[in-house]
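Please read the structure below before turning to the comments.
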Amino acid sequence: MSQALPPRPVIFDTDPGIDDAMALWMLARHPGLDLRAITTVHGNAPVGTTTRNALALVDFFGLDVPVAAGADDALLPRTERFFPTQVHHEDGLGGGAPLLPATRRQPDPRPAWQLICDEINAAPGEITLVAVAPLTNLALALRHDPGIARKVREVVLMGGAFGLHGHGGNVTPVAEANIINDPEAADLVFTASWPVVTVGLDVTQQVVMPEALLQSLQGRRGPVGDFFWQITRHYQRYYDGRDAIGGLYAHDASAVVYCVAPEAFQLRRGPVRVALEGIARGQTIQDHLGLHEDSPASPWRGCPDQQVCVGVDAQRVRDEFMQLFDDSSQAASPAVSGDSQ
Ligand code: BDR
Ligand code: CA
């Protein structure tokens with residue numbers, strides 16, 4: 001482990017979700033992180049399902065943190081709903097939800113946005129908001145209490161696609177799922193005066209978790225390693241069918257790794273806007289050249305600089321995840337050919 005600093009307090013906004021479950025395991029186990037609360041949202045499944053999954057995972061991972069249910073639709077309600085069952089299955093966990101022990105845990109009575117505001121206001125300057133799902137809860141929190149923007153320590157997102165390293169979107173050619181599921185919310189989050197770092201497909205798709213590595217989880221950390229092997233079978237079939245990678249992308253876990261090992265990522269600074277109209281709806285666009293400075297009518301003008309991840313040390317991301325299954329903190333995962341920054 002690389003951390004000597006005090007554990008970093010985190011609120012986790014999530015739509016579990018197979019890779020969300022992997023990210024939550026990291027938040028539960030990593031000594032550099034102090035998970036304070038979980039908020040759930042629509043995305044990989046309806047919010048009733050993602051909340052049920054979050055509650056069960058909290059028990060399974062031995063956590064004791066509040067779980068508040070959040071929005072079940074985007075800021076602009078949609079008439080047609082689509083859930084990515086081909087990626088995460090109907091139960092959001094690759095068909096593995098029945099593997100989790102039944103829980104009596106109940107959701108916190110507050111809506112997600114309220115829990116986010118309460119936690120940030122109770123610890124000004126301390127909380128990192130890690131959001132790996134559509135950004136509706138964060139937008140609602142900003143709308144209810146804009147003052148949280150200057151009290152949060154950092155907002156770390158898994159979201160967006162900036163066209164780097166040959167990667168485009170995963171829902172449309174230009175739009176990533178967490179953004180296109182609520183583009184208006186995402187634009188509010190990127191343009192608010194709080195520090196945002198986004199870990200998008202440009203880097204998460206540089207990090208392949210190969211099948212052999214996932215298979216090696218079996219029998220480790222009690223039933224947890226077996227659980228991950230089982231729930232990733234459906235997810236891997238999807239990615240093998242799409243990209244023939246012989247494994248999967250652990251999108252959301254990469255955002256958690258950023259919190260404990262930011263040095264494993266290269267960042268690019270500049271304001272980010274989200275396209276809200278037409279065939280580019282959901283596209284994330286960063287003005288990293290500062291073109292808005294010479295253009296009074298630029299949509300990026302007046303928006304704060306944010307940070308976009310443009311490079312990643314893939315081996316480091318895998319190692320940070322795999323170390324949490326070892327008794328020895330020195331153990332590393334095997335290298336995978338084809339890694340690039
Ligand atoms: C993102 O969308 C969801 O399917 C995943 O959980 C991840 O947060 C990847 O585009
Ligand atoms: Ca997610």
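Residues are named by chain letter and number: chains run A, B, ... in the order of the structure tokens, numbers start at 1 in each chain, and ligands are numbered from 1 in the order shown.
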Give the residue list for ligand 1 at 10 Å, counting only C-alpha atoms and all ligand atoms, as number ranges by chain, sorted by chain and then by residue number.
-> A: 14-23, 43-45, 83-85, 87-88, 92, 131-134, 157-161, 169-171, 175-181, 200-201, 204-205, 235, 249-253, 255
Could you name the residues that touch A:Ala141 at 10 Å or less, counting only C-alpha atoms, but leaving out those on the same chain fewer than 4 positions away, as a count of residues only?
-> 15
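When only C-alpha atoms and all ligand atoms are used to compute distances to ligand 2, the closest of the residues A:Leu55, A:Val256, A:Ala74, A:Leu99 turns out to be A:Val256.
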Find the spatial neighbours of stretch 223-227 of chain A, counting only C-alpha atoms, within a cut-off of 9 Å - ignore same-chain residues fewer than 3 positions away - and output them as an MDAnalysis selection string.
-> chainID A and resid 25 60:61 96 99:100 214:220 230:232 325
What's the 9 Å shell around A:Gln236, counting only C-alpha atoms, without same-chain residues fewer than 2 positions away, as a PyMOL selection string?
-> chain A and resi 87+211+232-234+238-241+245-249
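Coordinates place atom CA of A:Val67 at a distance of 7.3 Å from atom CA of A:Ala54.
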Within 12 Å of A:Val317, counting only C-alpha atoms, which residues show up once you throw out same-chain ones fewer than 5 positions away? Write them as a VMD selection string, please.
-> chain A and resid 23 26 203 to 209 249 to 265 311 to 312 322 to 324 332 to 336 339 341
Distance query A:Leu267 at most 6 Å, only C-alpha atoms, self and fewer than 4 positions along chain excluded, as a short mmCIF file (atom, residue, chain, number, x, y, z; two decimals) with C-alpha atoms, in the first residue's frame:
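File out-v8.cif, as written:
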data_model
loop_
_atom_site.label_atom_id
_atom_site.label_comp_id
_atom_site.auth_asym_id
_atom_site.auth_seq_id
_atom_site.Cartn_x
_atom_site.Cartn_y
_atom_site.Cartn_z
CA GLN A 307 -9.25 17.79 -14.82
CA VAL A 308 -9.68 14.99 -17.37
CA CYS A 309 -7.62 11.80 -17.06
CA VAL A 310 -5.75 11.25 -20.31
#
Please run DSSP on the backbone and report, as a PyMOL selection string, all residues within stretch 81-310 of chain A that come out as strand (DSSP E).
-> chain A and resi 128-131+154-158+196-199+208-210+247-249+265-270+272-274+284-286+306-310
Limited to N, CA and C atoms, could you put the picked residues into a file as a compact mmCIF listing (two decimals), in the first residue's frame?
# COMPACT_ATOMS: atom_id res chain seq x y z
N THR A 128 -14.37 13.76 -0.10
CA THR A 128 -14.25 13.51 -1.54
C THR A 128 -15.52 12.79 -1.98
N LEU A 129 -16.15 13.35 -3.00
CA LEU A 129 -17.37 12.77 -3.54
C LEU A 129 -16.95 11.93 -4.74
N VAL A 130 -17.11 10.62 -4.63
CA VAL A 130 -16.76 9.72 -5.73
C VAL A 130 -18.07 9.28 -6.39
N ALA A 131 -18.28 9.68 -7.64
CA ALA A 131 -19.56 9.40 -8.32
C ALA A 131 -19.28 8.58 -9.57
N GLU A 154 -12.95 17.32 -3.11
CA GLU A 154 -12.75 16.98 -4.52
C GLU A 154 -13.92 16.12 -4.98
N VAL A 155 -14.25 16.24 -6.27
CA VAL A 155 -15.28 15.39 -6.88
C VAL A 155 -14.56 14.51 -7.90
N VAL A 156 -14.61 13.21 -7.69
CA VAL A 156 -13.94 12.27 -8.60
C VAL A 156 -15.02 11.47 -9.32
N LEU A 157 -15.05 11.57 -10.63
CA LEU A 157 -16.10 10.92 -11.42
C LEU A 157 -15.55 9.77 -12.24
N MET A 158 -16.35 8.73 -12.44
CA MET A 158 -16.15 7.85 -13.59
C MET A 158 -17.20 8.31 -14.59
N VAL A 196 -13.30 19.10 -10.04
CA VAL A 196 -13.71 17.80 -10.59
C VAL A 196 -12.52 17.14 -11.30
N VAL A 197 -12.35 15.86 -11.04
CA VAL A 197 -11.44 15.02 -11.83
C VAL A 197 -12.31 13.93 -12.45
N THR A 198 -12.24 13.76 -13.76
CA THR A 198 -13.03 12.67 -14.33
C THR A 198 -12.14 11.60 -14.95
N VAL A 199 -12.50 10.37 -14.59
CA VAL A 199 -11.82 9.17 -15.08
C VAL A 199 -12.76 8.57 -16.12
N VAL A 208 -7.34 -3.37 -18.76
CA VAL A 208 -8.06 -4.64 -18.89
C VAL A 208 -7.76 -5.50 -17.66
N MET A 209 -8.82 -6.02 -17.04
CA MET A 209 -8.65 -7.05 -16.00
C MET A 209 -8.83 -8.39 -16.70
N PRO A 210 -7.74 -9.14 -16.92
CA PRO A 210 -7.86 -10.37 -17.70
C PRO A 210 -8.54 -11.49 -16.93
N GLY A 247 -11.27 -10.36 -21.05
CA GLY A 247 -11.41 -9.89 -19.67
C GLY A 247 -12.44 -8.79 -19.63
N LEU A 248 -12.21 -7.81 -18.78
CA LEU A 248 -13.20 -6.74 -18.64
C LEU A 248 -12.51 -5.43 -18.28
N TYR A 249 -13.29 -4.36 -18.36
CA TYR A 249 -12.84 -3.05 -17.89
C TYR A 249 -13.47 -2.81 -16.53
N PHE A 265 -2.15 8.42 -12.80
CA PHE A 265 -2.94 9.01 -13.88
C PHE A 265 -2.29 10.30 -14.38
N GLN A 266 -2.41 10.54 -15.68
CA GLN A 266 -2.03 11.86 -16.22
C GLN A 266 -3.30 12.66 -16.45
N LEU A 267 -3.22 13.94 -16.10
CA LEU A 267 -4.40 14.80 -16.16
C LEU A 267 -4.24 15.89 -17.21
N ARG A 268 -5.37 16.36 -17.71
CA ARG A 268 -5.38 17.48 -18.64
C ARG A 268 -6.38 18.51 -18.12
N ARG A 269 -5.95 19.76 -18.05
CA ARG A 269 -6.76 20.81 -17.43
C ARG A 269 -7.55 21.59 -18.48
N GLY A 270 -8.75 22.01 -18.10
CA GLY A 270 -9.56 22.86 -18.98
C GLY A 270 -11.04 22.69 -18.66
N VAL A 272 -14.95 21.80 -19.00
CA VAL A 272 -15.65 20.70 -19.68
C VAL A 272 -17.13 21.06 -19.81
N ARG A 273 -17.67 20.89 -21.00
CA ARG A 273 -19.12 21.02 -21.20
C ARG A 273 -19.66 19.71 -21.76
N VAL A 274 -20.98 19.54 -21.60
CA VAL A 274 -21.64 18.35 -22.12
C VAL A 274 -22.61 18.78 -23.21
N THR A 284 -18.87 14.60 -23.94
CA THR A 284 -18.11 15.49 -23.04
C THR A 284 -16.99 16.14 -23.85
N ILE A 285 -16.90 17.46 -23.78
CA ILE A 285 -15.93 18.20 -24.59
C ILE A 285 -15.15 19.15 -23.68
N GLN A 286 -13.82 18.98 -23.69
CA GLN A 286 -12.97 19.85 -22.86
C GLN A 286 -12.25 20.86 -23.76
N GLN A 306 -11.48 22.04 -15.14
CA GLN A 306 -11.58 20.75 -14.46
C GLN A 306 -10.48 19.85 -15.00
N GLN A 307 -10.33 18.68 -14.42
CA GLN A 307 -9.25 17.79 -14.82
C GLN A 307 -9.82 16.53 -15.48
N VAL A 308 -9.28 16.21 -16.64
CA VAL A 308 -9.68 14.99 -17.37
C VAL A 308 -8.49 14.04 -17.38
N CYS A 309 -8.72 12.79 -17.02
CA CYS A 309 -7.62 11.80 -17.06
C CYS A 309 -7.36 11.41 -18.51
N VAL A 310 -6.11 11.54 -18.93
CA VAL A 310 -5.75 11.25 -20.31
C VAL A 310 -4.73 10.10 -20.42
